[in-house]
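Q: Dropping in coords.pdb, with PDB, C-alpha atoms and all ligand atoms.
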ATOM      1  CA  MET A   1      34.160 -35.578   0.093
ATOM      2  CA  ARG A   2      37.274 -37.593   0.595
ATOM      3  CA  SER A   3      36.654 -37.986   4.292
ATOM      4  CA  LYS A   4      33.084 -39.075   3.528
ATOM      5  CA  ALA A   5      34.397 -41.779   1.160
ATOM      6  CA  LEU A   6      36.832 -42.882   3.839
ATOM      7  CA  LYS A   7      34.034 -43.094   6.360
ATOM      8  CA  ILE A   8      31.964 -45.222   3.980
ATOM      9  CA  PHE A   9      35.010 -47.441   3.336
ATOM     10  CA  ILE A  10      35.583 -47.947   7.062
ATOM     11  CA  PHE A  11      31.876 -48.609   7.649
ATOM     12  CA  VAL A  12      31.728 -51.211   4.834
ATOM     13  CA  SER A  13      34.932 -52.903   6.058
ATOM     14  CA  ILE A  14      33.668 -53.167   9.618
ATOM     15  CA  SER A  15      30.312 -54.486   8.396
ATOM     16  CA  LEU A  16      32.043 -57.134   6.279
ATOM     17  CA  MET A  17      34.267 -58.176   9.176
ATOM     18  CA  PHE A  18      31.222 -58.477  11.430
ATOM     19  CA  ALA A  19      29.270 -60.471   8.810
ATOM     20  CA  THR A  20      32.208 -62.874   8.329
ATOM     21  CA  PHE A  21      32.402 -63.334  12.094
ATOM     22  CA  VAL A  22      28.666 -64.024  12.402
ATOM     23  CA  PHE A  23      28.541 -66.471   9.480
ATOM     24  CA  ALA A  24      31.720 -68.236  10.581
ATOM     25  CA  GLN A  25      29.926 -69.120  13.808
ATOM     26  CA  SER A  26      27.512 -71.660  12.344
ATOM     27  CA  PRO A  27      24.407 -71.952  14.543
ATOM     28  CA  ALA A  28      24.825 -74.611  17.215
ATOM     29  CA  LYS A  29      22.906 -77.812  16.559
ATOM     30  CA  ALA A  30      20.790 -79.695  19.053
ATOM     31  CA  LEU A  31      22.148 -82.962  20.421
ATOM     32  CA  VAL A  32      19.545 -85.720  20.107
ATOM     33  CA  LEU A  33      20.363 -89.111  21.618
ATOM     34  CA  GLN A  34      18.949 -91.092  18.684
ATOM     35  CA  GLU A  35      21.149 -89.149  16.247
ATOM     36  CA  MET A  36      24.354 -89.740  18.224
ATOM     37  CA  THR A  37      26.708 -92.747  18.199
ATOM     38  CA  TRP A  38      27.742 -94.548  21.365
ATOM     39  CA  THR A  39      31.185 -92.941  21.122
ATOM     40  CA  ASP A  40      29.516 -89.510  20.952
ATOM     41  CA  VAL A  41      27.675 -90.344  24.184
ATOM     42  CA  ARG A  42      30.861 -91.587  25.850
ATOM     43  CA  ASP A  43      32.660 -88.344  24.945
ATOM     44  CA  TYR A  44      29.683 -86.205  25.963
ATOM     45  CA  LEU A  45      29.633 -87.764  29.439
ATOM     46  CA  LYS A  46      33.236 -86.683  30.041
ATOM     47  CA  ASN A  47      31.973 -83.118  30.270
ATOM     48  CA  CYS A  48      28.293 -83.250  31.129
ATOM     49  CA  ASP A  49      25.931 -85.487  33.128
ATOM     50  CA  MET A  50      22.698 -83.699  32.162
ATOM     51  CA  VAL A  51      19.948 -84.924  29.855
ATOM     52  CA  ILE A  52      16.646 -83.337  28.773
ATOM     53  CA  ILE A  53      13.630 -85.661  28.448
ATOM     54  CA  PRO A  54      10.738 -84.050  26.528
ATOM     55  CA  LEU A  55       7.161 -84.968  27.484
ATOM     56  CA  GLY A  56       4.337 -84.328  25.024
ATOM     57  CA  SER A  57       1.350 -86.234  23.668
ATOM     58  CA  THR A  58      -0.403 -87.612  20.604
ATOM     59  CA  GLU A  59      -3.917 -86.235  20.965
ATOM     60  CA  GLN A  60      -6.508 -84.298  19.005
ATOM     61  CA  HIS A  61      -5.697 -80.609  18.578
ATOM     62  CA  GLY A  62      -8.767 -79.382  16.715
ATOM     63  CA  PRO A  63      -9.394 -79.752  12.981
ATOM     64  CA  HIS A  64      -6.328 -77.707  12.013
ATOM     65  CA  LEU A  65      -3.380 -78.867  14.170
ATOM     66  CA  PRO A  66      -1.702 -82.304  13.987
ATOM     67  CA  LEU A  67      -2.240 -84.955  16.658
ATOM     68  CA  GLY A  68       1.459 -84.728  17.462
ATOM     69  CA  THR A  69       1.291 -81.009  18.367
ATOM     70  CA  ASP A  70       2.410 -81.419  21.995
ATOM     71  CA  HIS A  71       5.134 -83.846  20.938
ATOM     72  CA  TYR A  72       6.499 -81.403  18.344
ATOM     73  CA  GLU A  73       6.313 -78.552  20.850
ATOM     74  CA  ALA A  74       8.108 -80.433  23.636
ATOM     75  CA  LEU A  75      10.745 -81.826  21.276
ATOM     76  CA  GLY A  76      11.136 -78.578  19.330
ATOM     77  CA  MET A  77      11.695 -76.469  22.435
ATOM     78  CA  SER A  78      13.963 -79.107  23.996
ATOM     79  CA  LYS A  79      16.106 -78.977  20.845
ATOM     80  CA  LEU A  80      16.312 -75.187  20.989
ATOM     81  CA  ILE A  81      17.407 -75.486  24.638
ATOM     82  CA  SER A  82      19.947 -78.147  23.645
ATOM     83  CA  ALA A  83      21.407 -75.963  20.886
ATOM     84  CA  ARG A  84      21.924 -73.171  23.412
ATOM     85  CA  THR A  85      23.269 -75.249  26.323
ATOM     86  CA  GLY A  86      24.875 -78.302  24.693
ATOM     87  CA  VAL A  87      22.714 -80.619  26.842
ATOM     88  CA  VAL A  88      21.573 -83.801  25.060
ATOM     89  CA  VAL A  89      17.851 -84.439  24.420
ATOM     90  CA  ALA A  90      16.532 -87.992  24.847
ATOM     91  CA  PRO A  91      12.982 -88.414  23.479
ATOM     92  CA  VAL A  92      11.401 -91.594  24.856
ATOM     93  CA  LEU A  93       7.632 -91.217  24.593
ATOM     94  CA  LEU A  94       5.399 -90.050  21.744
ATOM     95  CA  ALA A  95       2.184 -90.324  23.760
ATOM     96  CA  GLY A  96       1.129 -88.968  27.139
ATOM     97  CA  TYR A  97      -1.925 -89.111  29.387
ATOM     98  CA  SER A  98      -4.752 -87.826  27.175
ATOM     99  CA  VAL A  99      -7.719 -90.102  27.770
ATOM    100  CA  TYR A 100     -10.122 -87.143  28.148
ATOM    101  CA  HIS A 101      -9.474 -86.261  24.479
ATOM    102  CA  SER A 102     -10.452 -89.726  23.253
ATOM    103  CA  GLY A 103     -13.858 -88.532  22.014
ATOM    104  CA  PHE A 104     -11.912 -87.415  18.935
ATOM    105  CA  PRO A 105     -10.275 -90.118  16.771
ATOM    106  CA  GLY A 106      -6.524 -90.606  16.643
ATOM    107  CA  THR A 107      -5.860 -89.617  20.246
ATOM    108  CA  LEU A 108      -3.475 -91.979  22.055
ATOM    109  CA  SER A 109      -3.195 -92.259  25.808
ATOM    110  CA  LEU A 110      -0.998 -94.064  28.305
ATOM    111  CA  GLU A 111      -1.951 -94.691  31.920
ATOM    112  CA  PRO A 112       0.094 -92.506  34.298
ATOM    113  CA  GLU A 113       1.595 -95.717  35.794
ATOM    114  CA  THR A 114       2.740 -96.883  32.340
ATOM    115  CA  MET A 115       4.370 -93.546  31.607
ATOM    116  CA  GLU A 116       6.043 -93.456  35.000
ATOM    117  CA  ARG A 117       7.433 -96.944  34.500
ATOM    118  CA  VAL A 118       8.832 -96.190  31.024
ATOM    119  CA  LEU A 119      10.405 -92.938  32.204
ATOM    120  CA  TYR A 120      11.858 -94.471  35.356
ATOM    121  CA  GLU A 121      13.362 -97.413  33.446
ATOM    122  CA  THR A 122      14.840 -94.958  30.934
ATOM    123  CA  VAL A 123      16.431 -93.012  33.770
ATOM    124  CA  GLU A 124      17.853 -96.239  35.245
ATOM    125  CA  MET A 125      19.444 -97.085  31.869
ATOM    126  CA  LEU A 126      20.883 -93.610  31.398
ATOM    127  CA  MET A 127      22.287 -93.682  34.933
ATOM    128  CA  LYS A 128      24.336 -96.789  34.056
ATOM    129  CA  TYR A 129      26.404 -94.673  31.653
ATOM    130  CA  GLY A 130      26.876 -91.762  34.010
ATOM    131  CA  PHE A 131      23.922 -89.433  33.462
ATOM    132  CA  ARG A 132      23.046 -87.919  36.849
ATOM    133  CA  ARG A 133      20.944 -84.821  36.202
ATOM    134  CA  PHE A 134      17.553 -85.286  34.544
ATOM    135  CA  LEU A 135      15.583 -82.351  33.169
ATOM    136  CA  PHE A 136      11.991 -83.000  32.167
ATOM    137  CA  PHE A 137      10.546 -80.611  29.602
ATOM    138  CA  ASN A 138       6.777 -81.165  29.691
ATOM    139  CA  TYR A 139       4.406 -79.444  27.286
ATOM    140  CA  HIS A 140       1.106 -81.209  27.990
ATOM    141  CA  GLY A 141      -1.014 -80.511  31.064
ATOM    142  CA  GLY A 142      -2.208 -84.131  31.311
ATOM    143  CA  ASN A 143       1.386 -85.175  32.037
ATOM    144  CA  ASN A 144       1.883 -82.857  35.016
ATOM    145  CA  ILE A 145       1.023 -85.501  37.578
ATOM    146  CA  VAL A 146       3.352 -88.078  35.995
ATOM    147  CA  GLN A 147       6.171 -85.568  35.772
ATOM    148  CA  LYS A 148       5.804 -84.749  39.480
ATOM    149  CA  LYS A 149       5.702 -88.404  40.456
ATOM    150  CA  VAL A 150       8.690 -89.522  38.388
ATOM    151  CA  ILE A 151      10.829 -86.590  39.551
ATOM    152  CA  TYR A 152       9.948 -87.348  43.165
ATOM    153  CA  ARG A 153      10.753 -91.033  42.683
ATOM    154  CA  ILE A 154      14.137 -90.338  41.039
ATOM    155  CA  ASN A 155      15.095 -87.910  43.782
ATOM    156  CA  GLN A 156      13.957 -90.230  46.579
ATOM    157  CA  THR A 157      15.299 -93.559  45.314
ATOM    158  CA  THR A 158      18.413 -92.942  43.166
ATOM    159  CA  GLU A 159      21.725 -91.070  43.197
ATOM    160  CA  ALA A 160      20.443 -88.883  40.381
ATOM    161  CA  VAL A 161      18.713 -85.519  40.666
ATOM    162  CA  ALA A 162      15.672 -84.611  38.573
ATOM    163  CA  ALA A 163      13.909 -81.307  37.927
ATOM    164  CA  ALA A 164      11.181 -79.876  35.683
ATOM    165  CA  ILE A 165      11.998 -77.112  33.202
ATOM    166  CA  GLY A 166       8.810 -76.813  31.093
ATOM    167  CA  HIS A 167       5.124 -76.751  32.027
ATOM    168  CA  ASP A 168       4.338 -77.103  35.719
ATOM    169  CA  SER A 169       7.862 -76.199  36.796
ATOM    170  CA  PRO A 170       9.079 -73.510  39.183
ATOM    171  CA  ILE A 171      10.673 -71.623  36.276
ATOM    172  CA  GLU A 172       7.468 -71.381  34.239
ATOM    173  CA  LYS A 173       6.246 -67.806  33.833
ATOM    174  CA  GLU A 174       2.692 -66.943  34.870
ATOM    175  CA  GLU A 175       0.416 -67.241  31.872
ATOM    176  CA  GLU A 176      -0.555 -63.936  30.348
ATOM    177  CA  GLY A 177      -3.331 -63.170  27.927
ATOM    178  CA  GLU A 178      -6.872 -64.383  27.742
ATOM    179  CA  PHE A 179      -8.469 -66.755  30.236
ATOM    180  CA  PHE A 180      -9.078 -70.158  28.655
ATOM    181  CA  ASP A 181      -6.956 -70.231  25.537
ATOM    182  CA  TRP A 182      -5.566 -73.574  26.568
ATOM    183  CA  HIS A 183      -5.686 -76.081  23.776
ATOM    184  CA  ALA A 184      -5.246 -75.629  20.021
ATOM    185  CA  GLY A 185      -6.353 -71.972  20.352
ATOM    186  CA  VAL A 186      -4.575 -68.766  19.309
ATOM    187  CA  ASN A 187      -1.591 -69.411  21.550
ATOM    188  CA  GLU A 188      -0.902 -73.003  20.570
ATOM    189  CA  THR A 189      -1.680 -72.461  16.889
ATOM    190  CA  SER A 190       0.816 -69.569  16.932
ATOM    191  CA  ILE A 191       3.482 -71.812  18.488
ATOM    192  CA  MET A 192       2.957 -74.398  15.760
ATOM    193  CA  LEU A 193       3.026 -71.699  13.046
ATOM    194  CA  TYR A 194       6.469 -70.842  14.403
ATOM    195  CA  LEU A 195       7.832 -74.357  15.085
ATOM    196  CA  LYS A 196       6.126 -76.576  12.462
ATOM    197  CA  PRO A 197       4.197 -74.396   9.960
ATOM    198  CA  GLU A 198       4.121 -77.164   7.350
ATOM    199  CA  LEU A 199       1.772 -79.179   9.601
ATOM    200  CA  VAL A 200      -0.750 -76.385  10.300
ATOM    201  CA  LYS A 201      -3.946 -76.448   8.199
ATOM    202  CA  ILE A 202      -4.922 -72.892   9.091
ATOM    203  CA  GLU A 203      -7.810 -72.805   6.572
ATOM    204  CA  ARG A 204      -9.553 -75.384   8.776
ATOM    205  CA  ALA A 205      -9.117 -73.382  11.993
ATOM    206  CA  GLU A 206     -12.481 -72.421  13.453
ATOM    207  CA  LYS A 207     -13.615 -70.774  16.647
ATOM    208  CA  PRO A 208     -15.075 -73.556  18.813
ATOM    209  CA  LYS A 209     -18.461 -73.656  20.471
ATOM    210  CA  ILE A 210     -17.595 -74.040  24.156
ATOM    211  CA  HIS A 211     -20.096 -75.582  26.518
ATOM    212  CA  PHE A 212     -19.404 -75.756  30.234
ATOM    213  CA  PRO A 213     -21.853 -77.895  32.235
ATOM    214  CA  PRO A 214     -24.084 -75.981  34.702
ATOM    215  CA  ARG A 215     -22.023 -77.192  37.678
ATOM    216  CA  MET A 216     -18.862 -75.622  36.226
ATOM    217  CA  GLN A 217     -20.631 -72.408  35.299
ATOM    218  CA  ARG A 218     -21.961 -72.056  38.847
ATOM    219  CA  LEU A 219     -18.482 -72.663  40.271
ATOM    220  CA  ARG A 220     -17.028 -69.889  38.120
ATOM    221  CA  GLU A 221     -19.673 -67.447  39.285
ATOM    222  CA  LEU A 222     -19.033 -68.382  42.921
ATOM    223  CA  ALA A 223     -15.262 -68.143  42.343
ATOM    224  CA  GLU A 224     -15.619 -64.393  41.797
ATOM    225  CA  LYS A 225     -16.217 -64.199  45.535
ATOM    226  CA  TYR A 226     -14.276 -67.320  46.579
ATOM    227  CA  PRO A 227     -11.333 -67.653  44.131
ATOM    228  CA  GLU A 228     -10.265 -70.910  45.815
ATOM    229  CA  LEU A 229     -13.263 -72.577  44.167
ATOM    230  CA  MET A 230     -11.415 -72.427  40.828
ATOM    231  CA  GLY A 231      -9.483 -75.424  42.138
ATOM    232  CA  VAL A 232     -12.719 -77.425  42.111
ATOM    233  CA  TRP A 233     -13.580 -76.016  38.678
ATOM    234  CA  SER A 234     -10.211 -77.287  37.403
ATOM    235  CA  ALA A 235     -10.831 -80.688  38.971
ATOM    236  CA  LEU A 236     -13.914 -81.132  36.805
ATOM    237  CA  LEU A 237     -12.195 -80.128  33.553
ATOM    238  CA  ALA A 238     -10.140 -82.582  31.471
ATOM    239  CA  THR A 239     -11.724 -85.661  33.009
ATOM    240  CA  PRO A 240     -12.702 -88.877  31.210
ATOM    241  CA  LYS A 241     -16.327 -89.092  30.059
ATOM    242  CA  GLU A 242     -16.876 -92.147  32.293
ATOM    243  CA  THR A 243     -16.501 -89.980  35.409
ATOM    244  CA  LYS A 244     -19.739 -88.183  34.430
ATOM    245  CA  LYS A 245     -18.240 -84.789  35.292
ATOM    246  CA  GLU A 246     -19.035 -83.585  31.760
ATOM    247  CA  GLY A 247     -15.526 -82.194  31.480
ATOM    248  CA  SER A 248     -14.153 -84.360  28.666
ATOM    249  CA  SER A 249     -12.914 -82.655  25.539
ATOM    250  CA  ARG A 250     -15.835 -83.733  23.332
ATOM    251  CA  GLU A 251     -18.370 -82.546  25.926
ATOM    252  CA  ILE A 252     -16.975 -79.050  26.345
ATOM    253  CA  SER A 253     -15.874 -78.292  22.756
ATOM    254  CA  ASN A 254     -17.554 -79.082  19.421
ATOM    255  CA  ASN A 255     -14.286 -79.295  17.458
ATOM    256  CA  GLY A 256     -11.669 -80.090  20.107
ATOM    257  CA  ILE A 257     -10.299 -76.543  20.528
ATOM    258  CA  TRP A 258     -10.367 -75.155  24.079
ATOM    259  CA  SER A 259     -10.447 -71.406  23.683
ATOM    260  CA  PHE A 260     -12.772 -68.425  23.768
ATOM    261  CA  SER A 261     -10.842 -66.791  20.939
ATOM    262  CA  ASP A 262     -10.549 -67.521  17.242
ATOM    263  CA  PRO A 263      -7.463 -69.576  16.275
ATOM    264  CA  LYS A 264      -7.491 -67.865  12.865
ATOM    265  CA  GLU A 265      -5.970 -64.883  14.692
ATOM    266  CA  ALA A 266      -2.823 -66.910  15.356
ATOM    267  CA  ASN A 267       0.500 -65.774  13.930
ATOM    268  CA  PRO A 268       4.096 -67.002  14.149
ATOM    269  CA  GLU A 269       5.261 -63.862  15.993
ATOM    270  CA  ILE A 270       3.066 -64.689  19.010
ATOM    271  CA  GLY A 271       4.416 -68.231  18.837
ATOM    272  CA  GLN A 272       8.024 -67.113  18.669
ATOM    273  CA  LYS A 273       7.560 -64.917  21.728
ATOM    274  CA  GLU A 274       6.015 -67.771  23.699
ATOM    275  CA  VAL A 275       8.725 -70.228  22.642
ATOM    276  CA  ASN A 276      11.517 -67.766  23.421
ATOM    277  CA  THR A 277      10.148 -67.161  26.920
ATOM    278  CA  MET A 278      10.074 -70.897  27.707
ATOM    279  CA  VAL A 279      13.474 -71.583  26.129
ATOM    280  CA  GLU A 280      15.149 -68.567  27.742
ATOM    281  CA  ALA A 281      13.980 -69.549  31.243
ATOM    282  CA  ALA A 282      15.190 -73.136  30.777
ATOM    283  CA  VAL A 283      18.579 -72.039  29.384
ATOM    284  CA  LYS A 284      19.145 -69.712  32.349
ATOM    285  CA  PHE A 285      18.200 -72.476  34.775
ATOM    286  CA  ILE A 286      20.526 -75.024  33.127
ATOM    287  CA  GLU A 287      23.488 -72.627  32.940
ATOM    288  CA  ALA A 288      23.039 -71.819  36.630
ATOM    289  CA  TRP A 289      22.738 -75.474  37.613
ATOM    290  CA  LYS A 290      25.832 -76.374  35.563
ATOM    291  CA  ARG A 291      27.855 -74.147  37.873
ATOM    292  CA  ALA A 292      26.694 -76.102  40.930
ATOM    293  CA  LYS A 293      28.172 -79.425  39.909
TER     294      LYS A 293
HETATM  295 ZN    ZN B 301      -1.323 -79.119  23.086
END
Give the structure from the file, written as structure tokens.
A:
Amino acid sequence: MRSKALKIFIFVSISLMFATFVFAQSPAKALVLQEMTWTDVRDYLKNCDMVIIPLGSTEQHGPHLPLGTDHYEALGMSKLISARTGVVVAPVLLAGYSVYHSGFPGTLSLEPETMERVLYETVEMLMKYGFRRFLFFNYHGGNNIVQKKVIYRINQTTEAVAAAIGHDSPIEKEEEGEFFDWHAGVNETSIMLYLKPELVKIERAEKPKIHFPPRMQRLRELAEKYPELMGVWSALLATPKETKKEGSSREISNNGIWSFSDPKEANPEIGQKEVNTMVEAAVKFIEAWKRAK
């Protein structure tokens, strides 16, 4: 009996010591440029020349997710990466290239050239103070082309080095799960339920009616034999209405959601898993790159 009491005493003591240790280490906070002072930035640059620039959008995300979904995702994940690596996040743009969603009100869109110019000028400013390594965290497919272009331009014309760490980057994991759950569906609704639940109106979530034009349907059938044709299929999707490809958001989906599944099946656990995968890959990449200074 006595030895049992002793065991319990030792167990409780160790648990308390562990709990004190865990709570004493307050969770690291993200560094966001707009929340820092100029002296903070000066001190930061003594130890680190990296900066994360999130890229998202302000565009329709179905009747249940906010227009700023991609912005909140890109910023939210960038902040989680910042908290883990100590690298500062510098948000510059709230909108991205989203013109093919403009059949639904509230969507904003910037021309790729406008985005490139804003991002490049931002990089030039940050370089003046000593930033030299630029990490773009993109979370909107429409921005892929701009991200590629601006990274290429930085690497080819300045002393700085730029790389992608989000969507359309070498560290992105192959997408698992259902084909075509791409926009405001189960996956994205789950991410928002994890990152920004207060902005999700889940009672309005509804499975969309998806309509692919005959040309796209035929391409998918043919792609079963010639998978390369999916490249042409993709070229038709997410195009402005004016191109007459019938691939704009309003033409393929009745409510703006791009998914074959029902977004009501979303849950924060799926979202957390997705977010963790993205954040973990970016953290590993940054920690490795830090060692190559
Ligand atoms: Zn989105």
Q: Please, which residues in chain A fall within 7 Å of ligand ZN 301 (chain B) when counting all atoms listed in the file, and what is the closest atom pair and distance in Å to one decimal for each, ordered by chain then residue number, as CSV?
A:
residue,atom,partner,partner_atom,distance
A:His61,CA,B:ZN301,ZN,6.5
A:Thr69,CA,B:ZN301,ZN,5.7
A:Asp70,CA,B:ZN301,ZN,4.5
A:His140,CA,B:ZN301,ZN,5.9
A:His183,CA,B:ZN301,ZN,5.4
A:Ala184,CA,B:ZN301,ZN,6.1
A:Glu188,CA,B:ZN301,ZN,6.6
Q: For the structure shown, which residues end up in the PyMOL selection byres (((chain A and resi 187) around 12) and not hetatm)? Put them as a PyMOL selection string, please?
A: chain A and resi 175-186+188-194+257-275
Q: Mind checking which residues fall within 12 Å of region 277-290 of chain A, counting all atoms listed in the file, ignoring those fewer than 3 positions away in the same chain, and posting them as a PyMOL selection string?
A: chain A and resi 47-52+73-88+132-139+161-176+191+270-274+293
Q: With only C-alpha atoms counted and 10 Å as the cut-off, give the residues of region 246-276 of chain A in contact with region 212-232 of chain A, each with its shortest interatomic distance in Å and the pair that gives it, as JSON lines.
A:
{"residue": "A:Glu246", "atom": "CA", "partner": "A:Pro213", "partner_atom": "CA", "distance": 6.4}
{"residue": "A:Gly247", "atom": "CA", "partner": "A:Phe212", "partner_atom": "CA", "distance": 7.6}
{"residue": "A:Glu251", "atom": "CA", "partner": "A:Phe212", "partner_atom": "CA", "distance": 8.1}
{"residue": "A:Ile252", "atom": "CA", "partner": "A:Phe212", "partner_atom": "CA", "distance": 5.6}
{"residue": "A:Ser253", "atom": "CA", "partner": "A:Phe212", "partner_atom": "CA", "distance": 8.6}
Q: Dump C-alpha atoms for the selected residues as a PDB file, keeping the file's coordinate frame?
A:
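The resulting file, result-v7.pdb, is reproduced below:
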ATOM      1  CA  GLU A 246     -19.035 -83.585  31.760  1.00  0.00           C
ATOM      2  CA  GLY A 247     -15.526 -82.194  31.480  1.00  0.00           C
ATOM      3  CA  GLU A 251     -18.370 -82.546  25.926  1.00  0.00           C
ATOM      4  CA  ILE A 252     -16.975 -79.050  26.345  1.00  0.00           C
ATOM      5  CA  SER A 253     -15.874 -78.292  22.756  1.00  0.00           C
TER       6      SER A 253
END
Q: Quick one: apply the PyMOL selection byres (((chain A and resi 98-106) around 8) and not hetatm) to the file and drop the selected residues here as a PyMOL selection string.
A: chain A and resi 57-60+67+96-97+107-110+142+238-241+248-250+256
Q: Mind pulling up the distance from CA of Leu65 (chain A) to CA of Arg204 (chain A)?
A: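 A separation of 8.9 Å between them.
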Q: Produce the centre coordinates and the three edge lengths, each in Å to one decimal, of the box along x, y and z that contains all listed atoms of region 96-101 of chain A with 8 Å added on each side, as AutoDock Vina command-line options.
A:
--center_x -4.5 --center_y -88.2 --center_z 26.9 --size_x 27.3 --size_y 19.8 --size_z 20.9
